[in-house]
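Here is the file entry10.cif (mmCIF, C-alpha atoms).
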```
data_model
loop_
_atom_site.label_atom_id
_atom_site.label_comp_id
_atom_site.auth_asym_id
_atom_site.auth_seq_id
_atom_site.Cartn_x
_atom_site.Cartn_y
_atom_site.Cartn_z
CA GLU J 1 -5.44 23.67 27.98
CA ASN J 2 -1.99 23.07 29.50
CA ASP J 3 -2.60 19.29 29.46
CA ARG J 4 -3.65 19.49 25.79
CA ARG J 5 -0.46 21.31 24.82
CA GLY J 6 1.74 18.87 26.73
CA MET J 7 0.95 15.95 24.42
CA LYS J 8 2.97 15.61 21.21
CA TYR J 9 1.56 14.31 17.93
CA ILE J 10 3.04 12.93 14.71
CA LEU J 11 0.71 12.85 11.70
CA ILE J 12 1.64 10.54 8.80
CA THR J 13 -0.10 11.27 5.49
CA GLY J 14 0.33 9.65 2.10
CA GLY J 15 0.36 10.82 -1.48
CA VAL J 16 0.48 9.63 -5.11
CA LEU J 17 -1.01 6.20 -4.32
CA SER J 18 -2.01 4.03 -1.39
CA GLY J 19 -0.20 0.95 -0.16
CA ILE J 20 3.31 2.43 -0.20
CA GLY J 21 4.14 1.62 3.41
CA LYS J 22 2.68 4.32 5.66
CA GLY J 23 1.93 1.67 8.29
CA VAL J 24 5.54 0.48 8.42
CA ILE J 25 6.77 4.10 8.51
CA ALA J 26 4.39 4.83 11.40
CA SER J 27 5.47 1.70 13.29
CA SER J 28 9.16 2.39 12.67
CA THR J 29 8.93 6.02 13.79
CA ALA J 30 7.10 5.00 16.96
CA LEU J 31 9.73 2.32 17.60
CA LEU J 32 12.59 4.84 17.28
CA LEU J 33 10.95 7.18 19.79
CA LYS J 34 10.12 4.35 22.19
CA SER J 35 13.72 3.12 22.01
CA LEU J 36 14.85 6.57 23.19
CA GLY J 37 12.79 6.26 26.36
CA PHE J 38 9.56 8.00 25.36
CA TYR J 39 6.13 6.46 25.89
CA VAL J 40 4.40 6.21 22.53
CA THR J 41 0.91 5.28 21.37
CA SER J 42 -0.54 4.93 17.87
CA ILE J 43 -3.80 5.67 16.08
CA LYS J 44 -4.85 4.48 12.62
CA ILE J 45 -7.48 6.50 10.75
CA ASP J 46 -9.37 4.64 8.01
CA PRO J 47 -11.61 6.93 5.91
CA TYR J 48 -14.07 4.22 4.88
CA LEU J 49 -17.71 4.27 6.05
CA ASN J 50 -17.57 0.82 7.64
CA ILE J 51 -17.74 0.89 11.44
CA ASP J 52 -14.77 -1.47 11.54
CA ALA J 53 -12.94 -3.99 9.36
CA GLY J 54 -14.81 -7.00 10.76
CA THR J 55 -17.24 -7.44 7.86
CA MET J 56 -14.80 -6.58 5.08
CA SER J 57 -13.34 -9.08 2.65
CA PRO J 58 -9.59 -9.65 3.08
CA PHE J 59 -9.28 -8.82 -0.62
CA GLU J 60 -10.25 -5.24 0.26
CA HIS J 61 -7.67 -4.33 2.92
CA GLY J 62 -5.95 -7.55 3.93
CA GLU J 63 -6.52 -9.42 7.16
CA VAL J 64 -8.82 -8.31 9.97
CA PHE J 65 -6.60 -7.95 13.03
CA VAL J 66 -8.38 -8.83 16.28
CA LEU J 67 -7.27 -6.92 19.38
CA ASP J 68 -7.28 -8.09 23.00
CA ASP J 69 -10.54 -6.20 23.65
CA GLY J 70 -12.22 -7.95 20.68
CA GLY J 71 -11.91 -4.99 18.33
CA GLU J 72 -11.75 -5.99 14.66
CA VAL J 73 -9.40 -3.52 13.03
CA ASP J 74 -7.07 -2.76 10.14
CA LEU J 75 -3.95 -4.91 9.82
CA ASP J 76 -1.71 -1.87 10.45
CA LEU J 77 -2.60 -2.09 14.14
CA GLY J 78 -1.04 -5.55 14.09
CA ASN J 79 2.17 -3.93 12.84
CA TYR J 80 1.99 -1.35 15.64
CA GLU J 81 1.60 -4.04 18.29
CA ARG J 82 4.43 -6.18 16.92
CA PHE J 83 6.84 -3.25 16.66
CA LEU J 84 5.93 -1.60 19.97
CA ASP J 85 5.25 -4.75 22.02
CA PHE J 86 2.06 -3.65 23.78
CA SER J 87 -1.67 -3.99 23.22
CA LEU J 88 -3.91 -1.35 21.66
CA THR J 89 -7.71 -1.01 21.86
CA LYS J 90 -10.46 -0.76 19.28
CA ASP J 91 -10.57 3.00 19.87
CA ASN J 92 -7.06 3.23 18.40
CA ASN J 93 -8.70 2.60 15.02
CA ILE J 94 -10.87 5.52 13.89
CA THR J 95 -13.13 5.12 10.85
CA THR J 96 -15.54 7.49 9.14
CA GLY J 97 -18.33 5.09 10.15
CA LYS J 98 -17.39 5.28 13.85
CA VAL J 99 -17.18 9.09 13.81
CA TYR J 100 -20.51 9.58 12.03
CA ASN J 101 -22.16 6.97 14.26
CA ARG J 102 -21.01 8.85 17.38
CA VAL J 103 -22.15 12.22 16.04
CA ILE J 104 -25.56 10.87 14.96
CA GLN J 105 -26.11 9.27 18.38
CA GLN J 106 -25.28 12.58 20.07
CA GLU J 107 -27.65 14.39 17.72
CA ARG J 108 -30.47 11.95 18.55
CA LYS J 109 -29.92 12.55 22.26
CA GLY J 110 -30.14 16.30 21.74
CA ASP J 111 -26.54 17.00 22.69
CA TYR J 112 -26.26 19.64 19.97
CA LEU J 113 -29.22 21.61 21.43
CA GLY J 114 -31.14 21.86 18.18
CA LYS J 115 -28.26 23.13 16.04
CA THR J 116 -27.79 22.09 12.41
CA VAL J 117 -25.26 19.26 12.55
CA GLN J 118 -22.58 19.69 9.88
CA VAL J 119 -19.23 18.25 8.80
CA ILE J 120 -17.61 21.46 10.07
CA PRO J 121 -17.56 21.88 13.01
CA HIS J 122 -19.31 18.78 14.39
CA ILE J 123 -17.58 15.96 12.48
CA THR J 124 -14.17 17.62 12.58
CA ASP J 125 -14.55 18.35 16.31
CA ALA J 126 -15.56 14.73 16.95
CA ILE J 127 -12.41 13.53 15.16
CA GLN J 128 -10.17 15.83 17.20
CA ASN J 129 -11.86 14.88 20.47
CA TRP J 130 -11.46 11.18 19.68
CA ILE J 131 -7.75 11.59 18.99
CA GLU J 132 -7.18 13.47 22.24
CA GLU J 133 -9.11 10.88 24.26
CA VAL J 134 -7.18 7.92 22.83
CA ALA J 135 -3.81 9.68 23.06
CA LYS J 136 -4.19 9.85 26.86
CA VAL J 137 -4.91 6.13 27.35
CA PRO J 138 -2.01 4.66 29.39
CA VAL J 139 0.47 2.30 27.72
CA GLN J 140 3.15 -0.08 29.00
CA GLY J 141 1.53 -0.49 32.38
CA ASN J 142 0.20 2.81 33.60
CA HIS J 143 2.26 5.39 31.72
CA THR J 144 0.60 8.32 29.98
CA PRO J 145 2.03 8.55 26.45
CA ASP J 146 4.43 11.36 25.58
CA ILE J 147 3.84 11.05 21.84
CA CYS J 148 0.93 9.85 19.71
CA VAL J 149 1.65 8.68 16.14
CA ILE J 150 -1.38 9.10 13.86
CA GLU J 151 -1.51 7.36 10.49
CA LEU J 152 -4.08 8.75 8.07
CA GLY J 153 -5.06 6.01 5.63
CA GLY J 154 -5.73 6.61 1.97
CA THR J 155 -4.22 9.32 -0.20
CA VAL J 156 -4.28 13.10 0.09
CA GLY J 157 -6.98 14.40 -2.25
CA ASP J 158 -9.39 11.51 -1.72
CA ILE J 159 -12.93 12.74 -1.03
CA GLU J 160 -13.20 10.25 1.84
CA SER J 161 -10.17 11.77 3.59
CA SER J 162 -11.32 15.39 3.38
CA PRO J 163 -12.96 15.67 6.84
CA PHE J 164 -9.88 14.13 8.47
CA ILE J 165 -7.46 16.42 6.63
CA GLU J 166 -9.54 19.42 7.71
CA ALA J 167 -9.72 18.11 11.28
CA MET J 168 -5.94 17.77 11.40
CA ARG J 169 -5.50 21.25 9.94
CA GLN J 170 -7.56 22.62 12.82
CA PHE J 171 -5.78 20.31 15.24
CA GLN J 172 -2.46 22.10 14.61
CA SER J 173 -3.84 25.27 16.17
CA ARG J 174 -5.68 23.38 18.87
CA VAL J 175 -2.56 21.68 20.25
CA GLY J 176 0.07 24.18 19.10
CA LYS J 177 2.29 23.93 16.02
CA ASN J 178 5.31 22.90 18.09
CA ASN J 179 3.33 19.95 19.42
CA MET J 180 2.63 18.41 16.01
CA CYS J 181 5.00 17.06 13.35
CA THR J 182 3.67 16.11 9.91
CA PHE J 183 5.15 13.40 7.68
CA HIS J 184 4.22 12.95 4.05
CA VAL J 185 4.97 9.55 2.48
CA SER J 186 5.21 9.71 -1.29
CA LEU J 187 6.33 7.57 -4.21
CA VAL J 188 9.36 8.44 -6.34
CA PRO J 189 8.90 6.22 -9.41
CA ILE J 190 11.66 5.13 -11.77
CA VAL J 191 10.76 5.75 -15.39
CA GLY J 192 12.41 4.70 -18.63
CA ALA J 193 15.23 2.39 -19.60
CA VAL J 194 17.84 4.66 -18.00
CA GLY J 195 16.15 4.32 -14.59
CA GLU J 196 15.55 8.01 -13.94
CA GLN J 197 13.86 8.87 -10.64
CA LYS J 198 10.94 11.27 -11.05
CA SER J 199 10.13 13.85 -8.36
CA LYS J 200 7.06 15.41 -10.03
CA PRO J 201 4.47 13.11 -8.34
CA THR J 202 5.89 14.00 -4.92
CA GLN J 203 5.97 17.71 -5.75
CA ALA J 204 2.32 17.60 -6.86
CA SER J 205 1.25 15.60 -3.80
CA VAL J 206 2.98 17.99 -1.38
CA ARG J 207 1.48 20.98 -3.18
CA GLU J 208 -1.99 19.49 -2.74
CA LEU J 209 -1.37 18.81 0.96
CA ARG J 210 -0.14 22.37 1.51
CA ALA J 211 -3.20 23.73 -0.30
CA LEU J 212 -5.32 21.91 2.29
CA GLY J 213 -3.48 23.64 5.13
CA LEU J 214 -0.99 20.96 6.22
CA TYR J 215 2.71 21.62 5.72
CA PRO J 216 4.95 18.53 5.90
CA ASP J 217 7.96 18.75 8.19
CA ILE J 218 9.46 15.52 6.81
CA ILE J 219 8.94 13.94 3.39
CA ILE J 220 9.46 10.18 3.16
CA CYS J 221 10.35 9.15 -0.39
CA ARG J 222 9.50 5.53 -1.21
CA GLY J 223 11.09 3.83 -4.13
CA ALA J 224 12.84 0.73 -5.39
CA LEU J 225 16.29 2.32 -5.02
CA PRO J 226 17.91 4.85 -2.66
CA LEU J 227 17.02 8.44 -3.51
CA ASP J 228 19.57 10.18 -5.74
CA GLU J 229 21.05 13.28 -4.13
CA ASP J 230 20.05 15.55 -6.99
CA VAL J 231 16.45 14.31 -6.69
CA ARG J 232 16.58 14.92 -2.93
CA GLU J 233 17.79 18.48 -3.58
CA LYS J 234 15.04 19.03 -6.14
CA ILE J 235 12.27 17.84 -3.80
CA SER J 236 13.80 19.92 -1.01
CA SER J 237 13.80 23.04 -3.17
CA PHE J 238 10.28 22.67 -4.55
CA CYS J 239 8.74 21.60 -1.22
CA ASN J 240 10.49 24.25 0.90
CA LEU J 241 12.33 21.85 3.21
CA GLU J 242 15.96 21.30 4.13
CA PRO J 243 17.51 18.38 2.23
CA LYS J 244 18.02 16.46 5.49
CA HIS J 245 14.23 16.49 5.97
CA VAL J 246 13.74 14.61 2.69
CA VAL J 247 14.22 10.98 3.70
CA SER J 248 14.87 8.02 1.41
CA VAL J 249 13.13 4.74 2.27
CA HIS J 250 13.94 2.32 -0.52
CA ASP J 251 13.00 -1.35 -0.78
CA VAL J 252 14.96 -3.46 1.69
CA SER J 253 15.44 -7.19 2.25
CA ASN J 254 13.18 -7.21 5.34
CA LEU J 255 10.92 -4.62 6.94
CA TYR J 256 12.90 -4.69 10.21
CA LYS J 257 15.56 -2.63 8.43
CA VAL J 258 13.18 0.31 7.97
CA PRO J 259 13.66 1.74 11.51
CA LEU J 260 17.41 1.55 10.92
CA LEU J 261 17.05 3.43 7.62
CA LEU J 262 15.11 6.17 9.39
CA ALA J 263 17.64 6.30 12.23
CA GLU J 264 20.58 6.61 9.82
CA GLN J 265 18.95 9.67 8.25
CA GLY J 266 18.24 11.39 11.56
CA VAL J 267 14.45 11.12 11.54
CA ALA J 268 14.12 10.81 15.33
CA GLU J 269 16.30 13.87 15.86
CA HIS J 270 14.31 15.91 13.32
CA VAL J 271 11.05 14.92 15.03
CA LEU J 272 12.27 15.67 18.55
CA ARG J 273 13.66 19.05 17.54
CA LYS J 274 10.36 19.97 15.84
CA LEU J 275 8.42 18.88 18.94
CA GLU J 276 10.89 20.66 21.25
CA MET J 277 11.74 17.40 23.04
CA TYR J 278 15.36 16.97 21.97
CA SER J 279 16.77 18.59 25.12
CA LYS J 280 14.98 16.03 27.33
CA LEU J 281 17.46 13.36 26.27
CA ASN J 282 20.28 15.32 27.90
CA LEU J 283 18.76 14.50 31.28
CA TYR J 284 20.27 11.03 30.91
CA GLY J 285 23.76 12.45 30.39
CA LEU J 286 24.06 10.80 26.99
CA LEU J 287 24.60 12.21 23.56
CA PHE J 288 21.62 11.63 21.30
CA GLU J 289 23.60 9.46 18.84
CA GLN J 290 24.98 7.27 21.62
CA LYS J 291 21.57 6.68 23.16
CA GLN J 292 19.98 5.89 19.81
CA ASN J 293 22.77 3.50 18.78
CA ASP J 294 22.63 1.67 22.11
CA SER J 295 18.85 1.31 22.00
CA LEU J 296 18.79 0.02 18.43
CA ALA J 297 21.71 -2.41 18.77
CA LYS J 298 19.49 -5.46 19.43
CA TRP J 299 17.11 -4.45 16.65
CA SER J 300 20.02 -4.19 14.22
CA LEU J 301 21.27 -7.65 15.18
CA PHE J 302 17.79 -9.09 14.72
CA SER J 303 17.33 -7.56 11.24
CA SER J 304 20.73 -8.94 10.19
CA LYS J 305 19.82 -12.37 11.56
CA VAL J 306 16.63 -12.39 9.47
CA ASP J 307 18.74 -11.92 6.34
CA GLU J 308 21.17 -14.64 7.39
CA LEU J 309 18.39 -17.15 8.04
CA ALA J 310 16.95 -16.49 4.58
CA GLN J 311 20.20 -17.83 3.11
CA LEU J 312 20.30 -21.10 5.09
CA PRO J 313 20.66 -24.34 3.07
CA GLU J 314 17.78 -26.72 2.43
CA ASP J 315 18.60 -28.96 5.39
CA LYS J 316 17.99 -25.98 7.70
CA GLN J 317 14.61 -25.09 6.29
CA VAL J 318 11.18 -25.88 7.71
CA LYS J 319 8.31 -26.24 5.26
CA ILE J 320 4.79 -25.42 6.45
CA ALA J 321 1.60 -25.73 4.43
CA VAL J 322 -1.07 -23.07 4.95
CA VAL J 323 -4.58 -23.89 3.78
CA GLY J 324 -6.82 -20.90 3.17
CA LYS J 325 -9.48 -19.22 1.09
CA TYR J 326 -7.52 -16.04 0.23
CA THR J 327 -4.07 -17.45 -0.52
CA HIS J 328 -3.54 -15.17 -3.55
CA LEU J 329 -3.17 -12.20 -1.17
CA SER J 330 -0.50 -12.66 1.49
CA ASP J 331 -1.82 -9.68 3.52
CA ALA J 332 -4.94 -11.76 4.20
CA TYR J 333 -2.81 -13.91 6.52
CA ALA J 334 -0.30 -11.30 7.72
CA SER J 335 -0.42 -12.26 11.41
CA ILE J 336 -0.11 -15.98 10.68
CA ILE J 337 2.89 -15.30 8.44
CA LYS J 338 4.55 -13.08 11.07
CA ALA J 339 3.95 -15.62 13.84
CA LEU J 340 5.51 -18.41 11.76
CA GLN J 341 8.42 -16.18 10.74
CA HIS J 342 9.15 -15.20 14.34
CA ALA J 343 9.01 -18.86 15.40
CA ALA J 344 11.42 -19.79 12.60
CA HIS J 345 13.78 -16.97 13.61
CA ALA J 346 13.80 -18.21 17.21
CA ALA J 347 14.49 -21.77 16.04
CA GLU J 348 17.11 -20.54 13.55
CA ARG J 349 15.40 -22.11 10.59
CA ARG J 350 14.54 -20.85 7.12
CA LEU J 351 10.78 -20.76 6.70
CA VAL J 352 9.22 -21.99 3.48
CA LEU J 353 5.47 -21.52 3.18
CA GLU J 354 3.39 -23.63 0.81
CA TRP J 355 0.03 -22.01 0.04
CA ILE J 356 -2.92 -24.33 -0.62
CA GLU J 357 -6.30 -23.12 -1.84
CA SER J 358 -8.96 -24.66 0.41
CA ARG J 359 -11.28 -25.17 -2.56
CA ASP J 360 -8.67 -27.48 -4.09
CA LEU J 361 -9.37 -29.88 -1.22
CA ASP J 362 -13.17 -29.75 -1.54
CA ASN J 363 -15.09 -32.84 -2.56
CA GLU J 364 -16.12 -30.99 -5.71
CA ALA J 365 -12.50 -30.30 -6.75
CA SER J 366 -10.99 -32.28 -9.59
CA ALA J 367 -8.63 -35.16 -8.85
CA GLU J 368 -5.74 -33.24 -10.42
CA LEU J 369 -6.24 -30.23 -8.11
CA LYS J 370 -6.55 -32.44 -5.04
CA THR J 371 -3.39 -34.38 -5.92
CA ALA J 372 -1.42 -31.17 -6.55
CA ALA J 373 -2.63 -29.67 -3.26
CA TRP J 374 -1.68 -32.72 -1.19
CA LYS J 375 1.74 -32.86 -2.85
CA LYS J 376 2.51 -29.43 -1.41
CA ASN J 377 2.11 -30.72 2.11
#
```
structure tokens encoding of this file:
Amino acid sequence: ENDRRGMKYILITGGVLSGIGKGVIASSTALLLKSLGFYVTSIKIDPYLNIDAGTMSPFEHGEVFVLDDGGEVDLDLGNYERFLDFSLTKDNNITTGKVYNRVIQQERKGDYLGKTVQVIPHITDAIQNWIEEVAKVPVQGNHTPDICVIELGGTVGDIESSPFIEAMRQFQSRVGKNNMCTFHVSLVPIVGAVGEQKSKPTQASVRELRALGLYPDIIICRGALPLDEDVREKISSFCNLEPKHVVSVHDVSNLYKVPLLLAEQGVAEHVLRKLEMYSKLNLYGLLFEQKQNDSLAKWSLFSSKVDELAQLPEDKQVKIAVVGKYTHLSDAYASIIKALQHAAHAAERRLVLEWIESRDLDNEASAELKTAAWKKN
């Protein structure tokens, strides 16, 4: 029991619609905490019934990211590894299929002693047990994590997510409310010719999350532009949070700026105060702001360099042709793109990718398509 309540958890949920950047928010939050000296691990929950992403078309969820242990998982785990600089395992990706498969195997072995196996408590207990097991797996050598960041895929209100939402509601009591911090990532759309930001979708999404028993401690507002202060105040008022806990994450020139956006708005401090870990930083004899600024200095320089390289003249560019079957969806080749980008950054070159459909090079392809494809190379 004492060991259970020593671990800290951050749950990241999403509302309004999927694909608004929960994975980058999760990675960025974990990076901020790691940069402050904490050992962090990450879990991605995918509510689909597939056992893993290995047999799924890239058009469904983007690339299949292959881990060091051979696990075929969601591309968000690739983001986690790139941001945190250590390897995860296949157990860091939980799916509905994996959970049900484990529970059914236990039922077949008689582990439930003849009881009726139900979503509550058996599925929800299995989810909570899985999270606790993975959260204790050592990272960065042989260090037990201090904090586990959990990203719940999909959108609040989806039928597929219901067992996981209920499991996390129970999990609050299981680990203690001061050991769990809940984020809610929502969209603030801009409507009309005047460009008015609308808070109603976020209000409705938070209301639905609260009705399910989870109360967000921090609301992340995604949008094309920085959040207007009056909109921040409105969301704060309707969602029963302090304005400083409503965080604006607008579109930026490169995703490496997202951790800096979160840092500027005090997200790490809010999290550590909620988890009662803020005082631990004083052991180093440093003010929180000083330690955070020092730890993120290199990251800030790197994000600025990425912008600078994007403006290099043509004689400083490197053009690379990528032949593939799914070239209409860049997420299908996320790891290849990131690897080439990082190589270009190291070489101080501007990367230009030329996408070539593999079918345009087939023997059956027309001469025009073949000629156009080879011209790109």
What is the distance, in Å and to one decimal place, between CA of Arg207 in chain J and CA of Phe238 in chain J?
->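 These two atoms are separated by 9.1 Å.
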Contacts between range 23-47 of chain J and range 171-192 of chain J, please, where a residue of range 171-192 of chain J counts if it comes within 12 Å (with all atoms listed in the file); show its shortest atom pair and distance in Å to one decimal, rows by chain and ascending number, as a Markdown table.
```
| residue | atom | partner | partner_atom | distance |
| --- | --- | --- | --- | --- |
| J:Cys181 | CA | J:Thr29 | CA | 11.7 |
| J:Thr182 | CA | J:Ala26 | CA | 11.4 |
| J:Phe183 | CA | J:Ala26 | CA | 9.4 |
| J:His184 | CA | J:Ile25 | CA | 10.2 |
| J:Val185 | CA | J:Ile25 | CA | 8.3 |
| J:Ser186 | CA | J:Ile25 | CA | 11.4 |
```
Write out as a list in words the residues lying within 12 Å of range 196-198 of chain J, counting all atoms listed in the file and excluding same-chain residues fewer than 5 positions away.
->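 Once the adjacent positions are removed, what remains is Ser186, Leu187, Val188, Pro189, Ile190, Val191, Gln203, Ala204, Cys221, Arg222, Gly223, Ala224, Leu225, Pro226, Leu227, Asp228, Glu229, Asp230, Val231, Arg232, Lys234 and Ile235 of chain J.
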Hey, can you check how far CA of Ile104 in chain J sits from CA of Pro163 in chain J?
->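 Going from CA of Ile104 in chain J over to CA of Pro163 in chain J, I get 15.7 Å.
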Tell me which protein, DNA and RNA residues are within 10 Å of range 139-141 of chain J, counting only C-alpha atoms, leaving out same-chain ones fewer than 2 positions away, and put them as a list in words.
->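 With the cut-off at 10 Å, the set is Tyr39, Val40, Thr41, Leu84, Asp85, Phe86, Ser87, Leu88, Ala135, Lys136, Val137, His143, Thr144 and Pro145 of chain J.
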By how many Å are CA of Ile10 in chain J and CA of Val149 in chain J apart?
->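 These two atoms are separated by 4.7 Å.
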Evaluate the PyMOL selection byres ((chain J and resi 17) around 9) and record the selected residues as JSON, numbers by chain, following the chain and residue labels used in the document.
-> {"J": [14, 15, 16, 18, 19, 20, 154, 155, 156, 186, 187]}
Those selected residues, please, written with C-alpha atoms and delivered as a short mmCIF file (atom, residue, chain, number, x, y, z; two decimals), in the coordinates of the input.
```
data_model
loop_
_atom_site.label_atom_id
_atom_site.label_comp_id
_atom_site.auth_asym_id
_atom_site.auth_seq_id
_atom_site.Cartn_x
_atom_site.Cartn_y
_atom_site.Cartn_z
CA GLY J 14 0.33 9.65 2.10
CA GLY J 15 0.36 10.82 -1.48
CA VAL J 16 0.48 9.63 -5.11
CA SER J 18 -2.01 4.03 -1.39
CA GLY J 19 -0.20 0.95 -0.16
CA ILE J 20 3.31 2.43 -0.20
CA GLY J 154 -5.73 6.61 1.97
CA THR J 155 -4.22 9.32 -0.20
CA VAL J 156 -4.28 13.10 0.09
CA SER J 186 5.21 9.71 -1.29
CA LEU J 187 6.33 7.57 -4.21
#
```
Name the residues captured by the PyMOL selection byres ((chain J and resi 178) around 8) when it is applied to the shown file; answer as a PDB file with C-alpha atoms, keeping the file's coordinate frame.
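New file out10.pdb:
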```pdb
ATOM      1  CA  GLY J 176       0.070  24.180  19.100  1.00  0.00           C
ATOM      2  CA  LYS J 177       2.290  23.930  16.020  1.00  0.00           C
ATOM      3  CA  ASN J 179       3.330  19.950  19.420  1.00  0.00           C
ATOM      4  CA  MET J 180       2.630  18.410  16.010  1.00  0.00           C
ATOM      5  CA  CYS J 181       5.000  17.060  13.350  1.00  0.00           C
ATOM      6  CA  LYS J 274      10.360  19.970  15.840  1.00  0.00           C
ATOM      7  CA  LEU J 275       8.420  18.880  18.940  1.00  0.00           C
ATOM      8  CA  GLU J 276      10.890  20.660  21.250  1.00  0.00           C
TER       9      GLU J 276
END
```
Residues in the PyMOL selection byres ((chain J and resi 120) around 12), expressed as JSON, numbers by chain = {"J": [103, 116, 117, 118, 119, 121, 122, 123, 124, 125, 126, 127, 128, 162, 163, 164, 165, 166, 167, 170]}
Selection export as an mmCIF file, in the frame of the given file, atoms kept: C-alpha atoms:
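Result file follows (result24.cif):
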```cif
data_model
loop_
_atom_site.group_PDB
_atom_site.id
_atom_site.type_symbol
_atom_site.label_atom_id
_atom_site.label_comp_id
_atom_site.auth_asym_id
_atom_site.auth_seq_id
_atom_site.Cartn_x
_atom_site.Cartn_y
_atom_site.Cartn_z
ATOM 1 C CA VAL J 103 -22.150 12.220 16.040
ATOM 2 C CA THR J 116 -27.790 22.090 12.410
ATOM 3 C CA VAL J 117 -25.260 19.260 12.550
ATOM 4 C CA GLN J 118 -22.580 19.690 9.880
ATOM 5 C CA VAL J 119 -19.230 18.250 8.800
ATOM 6 C CA PRO J 121 -17.560 21.880 13.010
ATOM 7 C CA HIS J 122 -19.310 18.780 14.390
ATOM 8 C CA ILE J 123 -17.580 15.960 12.480
ATOM 9 C CA THR J 124 -14.170 17.620 12.580
ATOM 10 C CA ASP J 125 -14.550 18.350 16.310
ATOM 11 C CA ALA J 126 -15.560 14.730 16.950
ATOM 12 C CA ILE J 127 -12.410 13.530 15.160
ATOM 13 C CA GLN J 128 -10.170 15.830 17.200
ATOM 14 C CA SER J 162 -11.320 15.390 3.380
ATOM 15 C CA PRO J 163 -12.960 15.670 6.840
ATOM 16 C CA PHE J 164 -9.880 14.130 8.470
ATOM 17 C CA ILE J 165 -7.460 16.420 6.630
ATOM 18 C CA GLU J 166 -9.540 19.420 7.710
ATOM 19 C CA ALA J 167 -9.720 18.110 11.280
ATOM 20 C CA GLN J 170 -7.560 22.620 12.820
#
```
Would you mind telling me which residue in J:Arg210, J:Lys370, J:Arg359, J:Lys298 lies nearest to Thr13 in chain J when using only C-alpha atoms?
->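 When distances to Thr13 in chain J are compared using only C-alpha atoms, the smallest one comes from J:Arg210.
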Min atom-atom distance to Asp158 in chain J from the set J:Leu361, J:Leu212, J:Arg349, J:Glu308, counting only C-alpha atoms, belongs to J:Leu212
Can you work out which one of J:Leu260, J:Asp52, J:His250, J:Lys8 has the shortest atom-to-atom distance to Leu301 in chain J, counting all atoms listed in the file?
->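 Of J:Leu260, J:Asp52, J:His250, J:Lys8, the one nearest Leu301 in chain J is J:Leu260, counting all atoms listed in the file.
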Taking into account only C-alpha atoms, which residue in the set J:Lys338, J:Lys200, J:Lys257, J:Lys376 is nearest to Leu296 in chain J?
->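 Looking at the shortest contact to Leu296 in chain J, the residue is J:Lys257.
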Selection near Pro243 in chain J, 7 Å with all atoms listed in the file, sequence-local residues under 2 positions removed, as a list in words =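 Counting all atoms listed in the file, the residues come to Arg232, Glu233, Ser236, Leu241, His245 and Val246 of chain J.
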Using all atoms listed in the file, determine which residues lie at most 9 Å from range 315-328 of chain J, disregarding the query and same-chain residues fewer than 2 positions distant; provide the list as a list in words.
->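 My list of contacting residues is Pro58, Phe59, Leu309, Leu312, Pro313, Ser330, Ala332, Tyr333, Leu340, Ala344, Glu348, Arg349, Arg350, Leu351, Val352, Leu353, Glu354, Trp355, Ile356, Glu357, Ser358, Arg359, Lys376 and Asn377 of chain J.
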Just the selected residues (C-alpha atoms), exported as an mmCIF file, keeping the file's coordinate frame, please.
```
data_model
loop_
_atom_site.group_PDB
_atom_site.id
_atom_site.type_symbol
_atom_site.label_atom_id
_atom_site.label_comp_id
_atom_site.auth_asym_id
_atom_site.auth_seq_id
_atom_site.Cartn_x
_atom_site.Cartn_y
_atom_site.Cartn_z
ATOM 1 C CA PRO J 58 -9.590 -9.650 3.080
ATOM 2 C CA PHE J 59 -9.280 -8.820 -0.620
ATOM 3 C CA LEU J 309 18.390 -17.150 8.040
ATOM 4 C CA LEU J 312 20.300 -21.100 5.090
ATOM 5 C CA PRO J 313 20.660 -24.340 3.070
ATOM 6 C CA SER J 330 -0.500 -12.660 1.490
ATOM 7 C CA ALA J 332 -4.940 -11.760 4.200
ATOM 8 C CA TYR J 333 -2.810 -13.910 6.520
ATOM 9 C CA LEU J 340 5.510 -18.410 11.760
ATOM 10 C CA ALA J 344 11.420 -19.790 12.600
ATOM 11 C CA GLU J 348 17.110 -20.540 13.550
ATOM 12 C CA ARG J 349 15.400 -22.110 10.590
ATOM 13 C CA ARG J 350 14.540 -20.850 7.120
ATOM 14 C CA LEU J 351 10.780 -20.760 6.700
ATOM 15 C CA VAL J 352 9.220 -21.990 3.480
ATOM 16 C CA LEU J 353 5.470 -21.520 3.180
ATOM 17 C CA GLU J 354 3.390 -23.630 0.810
ATOM 18 C CA TRP J 355 0.030 -22.010 0.040
ATOM 19 C CA ILE J 356 -2.920 -24.330 -0.620
ATOM 20 C CA GLU J 357 -6.300 -23.120 -1.840
ATOM 21 C CA SER J 358 -8.960 -24.660 0.410
ATOM 22 C CA ARG J 359 -11.280 -25.170 -2.560
ATOM 23 C CA LYS J 376 2.510 -29.430 -1.410
ATOM 24 C CA ASN J 377 2.110 -30.720 2.110
#
```
Hey, which of J:Leu75, J:Leu262, J:Ala193, J:Ala310 ends up closest to His61 in chain J? Count all atoms listed in the file.
->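 Ranked by minimum distance to His61 in chain J, first place goes to J:Leu75.
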Could you tell me which of J:Leu67, J:Glu132, J:Arg82, J:Val249 comes closest to His342 in chain J if we count all atoms listed in the file?
->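 Closest to His342 in chain J, using all atoms listed in the file: J:Arg82.
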Which protein, DNA or RNA residues are at most 6 Å from (-0.7, 11.3, 9.2) in the file's coordinates when you count all atoms listed in the file, listed as a compact mmCIF listing (two decimals) with C-alpha atoms, keeping the file's coordinate frame?
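Final output, point17.txt:
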```txt
# COMPACT_ATOMS: atom_id res chain seq x y z
CA LEU J 11 0.71 12.85 11.70
CA ILE J 12 1.64 10.54 8.80
CA THR J 13 -0.10 11.27 5.49
CA ILE J 150 -1.38 9.10 13.86
CA GLU J 151 -1.51 7.36 10.49
CA LEU J 152 -4.08 8.75 8.07
```
